[in-house]
Amino acid sequence: MTESQQAGSLGKATPSNAVWGSDVMVDILRALGIKYIALNPGASYRGLHDSLVNYGDGGPEMLMCSHEEIAVAIANGYGRVTGKPMATGIHNVVGLQHAAMAIFNAWCDRTPILNLGGAGPQNATNRRSTDWVHTALVQGALVRDFVKFDDQPFSVEASMDSLLRAYRIATTVPMGPVYVALDSDVQEERLDGQAMIPDAANFKAPAPPRANLDALRDAAVMLAEAEWPVIIAGEISPHGTALDDLIELAELLGAAVVDTNRFSFPNTHDLDATQVREAVLKDADVVLALDVPSLGVPLGPNVRERGALQPAISEDCKIINIGMFEFEKQSWVTDNMWLMPVVNPIAAETTGAIRELLIMCREMRAMGDDFTAKAEARRAKVAAMHNEAAQKNADRAAAEWDSTPIAAGRFYGELKAKLAEREWALVHSHGGRWRGILDITEPDHELSGGRGGGVGSGLPTAIGGALAHKGDGKLCVGVFGDGDFFMTNGALWTAAKYDIPLLALIYNNESYYNDEDHQERMAIARDRPVENKGIGIRIEGPSPDFAMMARSQGVAGFGPVTNPNDLAGVLEEAIKVVESGKPAVVDIRTTAR
């Protein structure tokens, strides 16, 4: 260590007992409050691994995984629930290539993750044979297009700086994954003096910016004067006052609310219009979008094909857009999608903006009875649409209750009955029918995510979510398509090893069914046989035994459940396992959708 670092060049510091460079890295992780590090072991971070195991106490706790993609996906689920980053250990360029898909998913989900890669050594004299092919000149270049920050420090002092900086950037809104490559020589360097560990509180993320008050006042006037305002609720933080404030704002305005991705509004509320999105948007004259990553998705049609976007709103509709996504700088993929015209764009953290907007709208309500009368009339109209959609969902579920294979209505109806007796969290969802059947009333009822569209992310992400809930008394449930589950079922081993209680339900239609839909469209468009749509897509002949896969990894496996009348009993058995602190898998043979 240099004399300046011994003196604490990063400000107030505490003496460390570190002997090796990797000990200092672990000191920094502990100072930052990193609770877990998910990893698949790799020689390029053998120094860090040793320090995690043998250097003092205080974590981070290692979660061993069978694949780097699983490790990062677990961190994604954990971060989605807590809003706090986990760390991951990623072995050199080969591990980073495995992890890249999950890092991309985390980027699209705006999840903070501190990804740590073993690297080098850059000093070629110290390379073993495989180090040559595993050493990149700038390792982070592999994922630079979908991380907020990457670095490759070449000294112990620089590593401290890099980790502190990476954490601050990852947790700054809009949050996201970062990547730091830790050179093997630096990890294995013996210190020549006492290290001083900075006070991590001096390197926390900055407070997010408040909304411009003039722009908010304009938004409040627009909403107050609107004939048919609609609120689009996007990636609003589940922490803090946002939910209560949004409910009050919607009730104050009598505005329909469309929930888009993760939970932002109760589907039991009479102003929830998620199931009738196109109908309420058709007549909208003002739309308030809150933390919506891509406006073209909720403001577009239900069915999209090739060709120009056909918005669900009229060309005269005025859009107010509040969020922080304009602060992102990334051009590799256009995950912001269609460019939409916005009359009043407001760059701000949304939780505070909703509170301030609510206060302004309260003041406008006091200006006259006309405001309240219009709001009550709108609410009655939206409520009628909401109730009609709810009845259609109930009728559809009843009509298919005894269907074989088991239909979505029975699948989610039986699950709903079990959840009604418990506190619960839905840490992964599949398809769209669950929204119309389950009562989604609080943030833990819809983790969502998956905007990157990476198949295989579901199970490990759900395990990360269940890890975040471990010990809070909530039954964690994940629903997975069989194709998604098939790709990364090795994540079950991690759940078993660390007693992560998760009820994993497989919606098993024996197909990567989304592509059957696409092949059917191709067949119709090209006048070719529709009956061939499942070739190269169906997961059958042989059909995987998912329950046996689970049992082979120490997880209770049930099924396949084929009789709808057996489903309730099997779910009860599996839930008992989960409530005892263990994971369980239930394979349920289902209809296509």
# chains A, B, ... in the order shown; residues from 1 in each chain; ligands from 1
>>> select_by_dssp(residues="region 339-584 of chain A", states="helix (DSSP H, G or I)", output="PyMOL selection string")
chain A and resi 350-365+369-399+408-419+433-436+443-445+458-469+482-487+491-497+513-526+530-532+546-552+564-579
>>> write_last_selection(atoms="C-alpha atoms", output="short mmCIF file (atom, residue, chain, number, x, y, z; two decimals), in the first residue's frame")
data_model
loop_
_atom_site.label_atom_id
_atom_site.label_comp_id
_atom_site.auth_asym_id
_atom_site.auth_seq_id
_atom_site.Cartn_x
_atom_site.Cartn_y
_atom_site.Cartn_z
CA THR A 350 -41.18 9.41 -9.72
CA THR A 351 -42.07 8.75 -6.08
CA GLY A 352 -41.46 12.36 -5.08
CA ALA A 353 -43.03 13.69 -8.27
CA ILE A 354 -46.29 11.83 -7.62
CA ARG A 355 -46.45 13.29 -4.11
CA GLU A 356 -45.94 16.86 -5.38
CA LEU A 357 -48.39 16.37 -8.24
CA LEU A 358 -50.97 15.04 -5.79
CA ILE A 359 -50.61 18.10 -3.57
CA MET A 360 -51.12 20.41 -6.56
CA CYS A 361 -54.20 18.50 -7.74
CA ARG A 362 -55.68 18.63 -4.22
CA GLU A 363 -55.44 22.41 -4.37
CA MET A 364 -57.23 22.47 -7.73
CA ARG A 365 -60.04 20.29 -6.39
CA ASP A 369 -67.37 21.48 -7.25
CA ASP A 370 -67.13 20.90 -11.00
CA PHE A 371 -63.75 19.21 -10.55
CA THR A 372 -65.17 16.67 -8.10
CA ALA A 373 -68.34 16.01 -10.09
CA LYS A 374 -66.40 15.23 -13.27
CA ALA A 375 -64.00 12.99 -11.37
CA GLU A 376 -66.85 11.01 -9.80
CA ALA A 377 -68.54 10.57 -13.18
CA ARG A 378 -65.32 9.30 -14.72
CA ARG A 379 -64.71 6.92 -11.85
CA ALA A 380 -68.17 5.41 -12.24
CA LYS A 381 -67.56 4.82 -15.94
CA VAL A 382 -64.14 3.25 -15.39
CA ALA A 383 -65.51 1.10 -12.57
CA ALA A 384 -68.20 -0.28 -14.90
CA MET A 385 -65.53 -1.22 -17.46
CA HIS A 386 -63.36 -2.74 -14.72
CA ASN A 387 -66.22 -4.83 -13.33
CA GLU A 388 -67.27 -6.03 -16.78
CA ALA A 389 -63.71 -7.22 -17.50
CA ALA A 390 -63.53 -8.95 -14.12
CA GLN A 391 -66.79 -10.77 -14.81
CA LYS A 392 -65.55 -11.92 -18.22
CA ASN A 393 -62.40 -13.29 -16.60
CA ALA A 394 -64.46 -15.13 -13.99
CA ASP A 395 -66.83 -16.55 -16.63
CA ARG A 396 -63.93 -17.73 -18.78
CA ALA A 397 -62.24 -19.42 -15.82
CA ALA A 398 -65.50 -21.15 -14.86
CA ALA A 399 -66.07 -22.38 -18.40
CA ALA A 408 -55.07 -21.37 -17.11
CA GLY A 409 -58.33 -20.55 -15.33
CA ARG A 410 -58.08 -23.69 -13.18
CA PHE A 411 -54.29 -23.31 -12.74
CA TYR A 412 -54.53 -19.79 -11.35
CA GLY A 413 -57.92 -20.33 -9.69
CA GLU A 414 -56.58 -23.14 -7.51
CA LEU A 415 -53.47 -21.09 -6.76
CA LYS A 416 -55.64 -18.11 -5.79
CA ALA A 417 -57.51 -20.23 -3.26
CA LYS A 418 -54.25 -21.28 -1.61
CA LEU A 419 -52.84 -17.75 -1.56
CA ARG A 433 -54.07 -14.78 -17.43
CA TRP A 434 -52.84 -14.50 -13.83
CA ARG A 435 -53.53 -10.75 -13.82
CA GLY A 436 -57.21 -11.36 -14.37
CA PRO A 443 -45.86 -4.71 -4.51
CA ASP A 444 -44.77 -8.23 -3.54
CA HIS A 445 -47.62 -9.66 -5.60
CA GLY A 458 -37.25 -17.02 -14.83
CA LEU A 459 -36.24 -19.70 -12.32
CA PRO A 460 -32.96 -18.17 -11.07
CA THR A 461 -34.50 -14.71 -10.92
CA ALA A 462 -37.33 -16.13 -8.82
CA ILE A 463 -34.83 -17.85 -6.53
CA GLY A 464 -33.14 -14.48 -6.02
CA GLY A 465 -36.50 -12.94 -5.20
CA ALA A 466 -37.28 -15.74 -2.76
CA LEU A 467 -33.86 -15.24 -1.16
CA ALA A 468 -34.73 -11.59 -0.57
CA HIS A 469 -37.97 -12.68 1.15
CA ASP A 482 -41.66 -25.33 -19.34
CA GLY A 483 -39.23 -24.05 -21.97
CA ASP A 484 -37.91 -21.32 -19.69
CA PHE A 485 -37.60 -23.75 -16.76
CA PHE A 486 -35.86 -26.37 -18.93
CA MET A 487 -32.98 -24.00 -19.77
CA ALA A 491 -30.63 -23.26 -10.41
CA LEU A 492 -32.69 -25.60 -8.22
CA TRP A 493 -29.45 -26.96 -6.75
CA THR A 494 -28.63 -23.52 -5.32
CA ALA A 495 -32.13 -23.23 -3.84
CA ALA A 496 -31.73 -26.65 -2.23
CA LYS A 497 -28.21 -26.03 -0.90
CA TYR A 513 -45.33 -22.00 -27.43
CA ASN A 514 -44.67 -18.37 -28.30
CA ASP A 515 -42.91 -19.60 -31.43
CA GLU A 516 -45.81 -21.84 -32.37
CA ASP A 517 -47.89 -18.67 -32.62
CA HIS A 518 -45.28 -17.13 -34.91
CA GLN A 519 -45.07 -20.24 -37.09
CA GLU A 520 -48.85 -20.25 -37.40
CA ARG A 521 -48.76 -16.65 -38.61
CA MET A 522 -46.07 -17.55 -41.13
CA ALA A 523 -48.05 -20.54 -42.36
CA ILE A 524 -51.20 -18.46 -42.84
CA ALA A 525 -49.32 -15.60 -44.51
CA ARG A 526 -47.51 -17.99 -46.89
CA VAL A 530 -50.61 -24.77 -40.13
CA GLU A 531 -50.37 -28.27 -38.65
CA ASN A 532 -46.56 -28.07 -39.03
CA PHE A 546 -39.21 -32.00 -14.41
CA ALA A 547 -40.22 -33.48 -11.05
CA MET A 548 -37.40 -36.00 -11.33
CA MET A 549 -34.98 -33.22 -12.30
CA ALA A 550 -35.99 -31.43 -9.12
CA ARG A 551 -35.57 -34.51 -6.94
CA SER A 552 -32.13 -35.22 -8.43
CA PRO A 564 -57.51 -30.92 -12.74
CA ASN A 565 -59.22 -32.44 -9.70
CA ASP A 566 -55.82 -33.42 -8.28
CA LEU A 567 -54.32 -29.96 -8.51
CA ALA A 568 -55.55 -28.50 -5.22
CA GLY A 569 -54.26 -31.44 -3.20
CA VAL A 570 -50.84 -31.45 -4.86
CA LEU A 571 -50.48 -27.69 -4.34
CA GLU A 572 -51.25 -28.13 -0.65
CA GLU A 573 -48.56 -30.82 -0.31
CA ALA A 574 -45.99 -28.68 -2.09
CA ILE A 575 -46.85 -25.61 -0.02
CA LYS A 576 -46.23 -27.58 3.17
CA VAL A 577 -42.70 -28.29 1.93
CA VAL A 578 -42.09 -24.62 1.14
CA GLU A 579 -43.50 -23.47 4.46
#
>>> closest_atom_pairs(of="region 111-197 of chain A", to="region 321-334 of chain A", cutoff="8 Å", atoms="only C-alpha atoms", output="tab-separated table")
residue	atom	partner	partner_atom	distance
A:Asp145	CA	A:Trp332	CA	5.8
A:Phe146	CA	A:Gln330	CA	7.3
A:Val173	CA	A:Met324	CA	7.1
A:Pro174	CA	A:Met324	CA	6.0
>>> atom_distance(atom1="CA of Gly481 (chain A)", atom2="CA of His239 (chain A)")
28.8 Å
>>> atom_distance(atom1="CA of Val186 (chain A)", atom2="CA of His67 (chain A)")
25.1 Å
>>> atom_distance(atom1="CA of Asn212 (chain A)", atom2="CA of Pro229 (chain A)")
21.3 Å
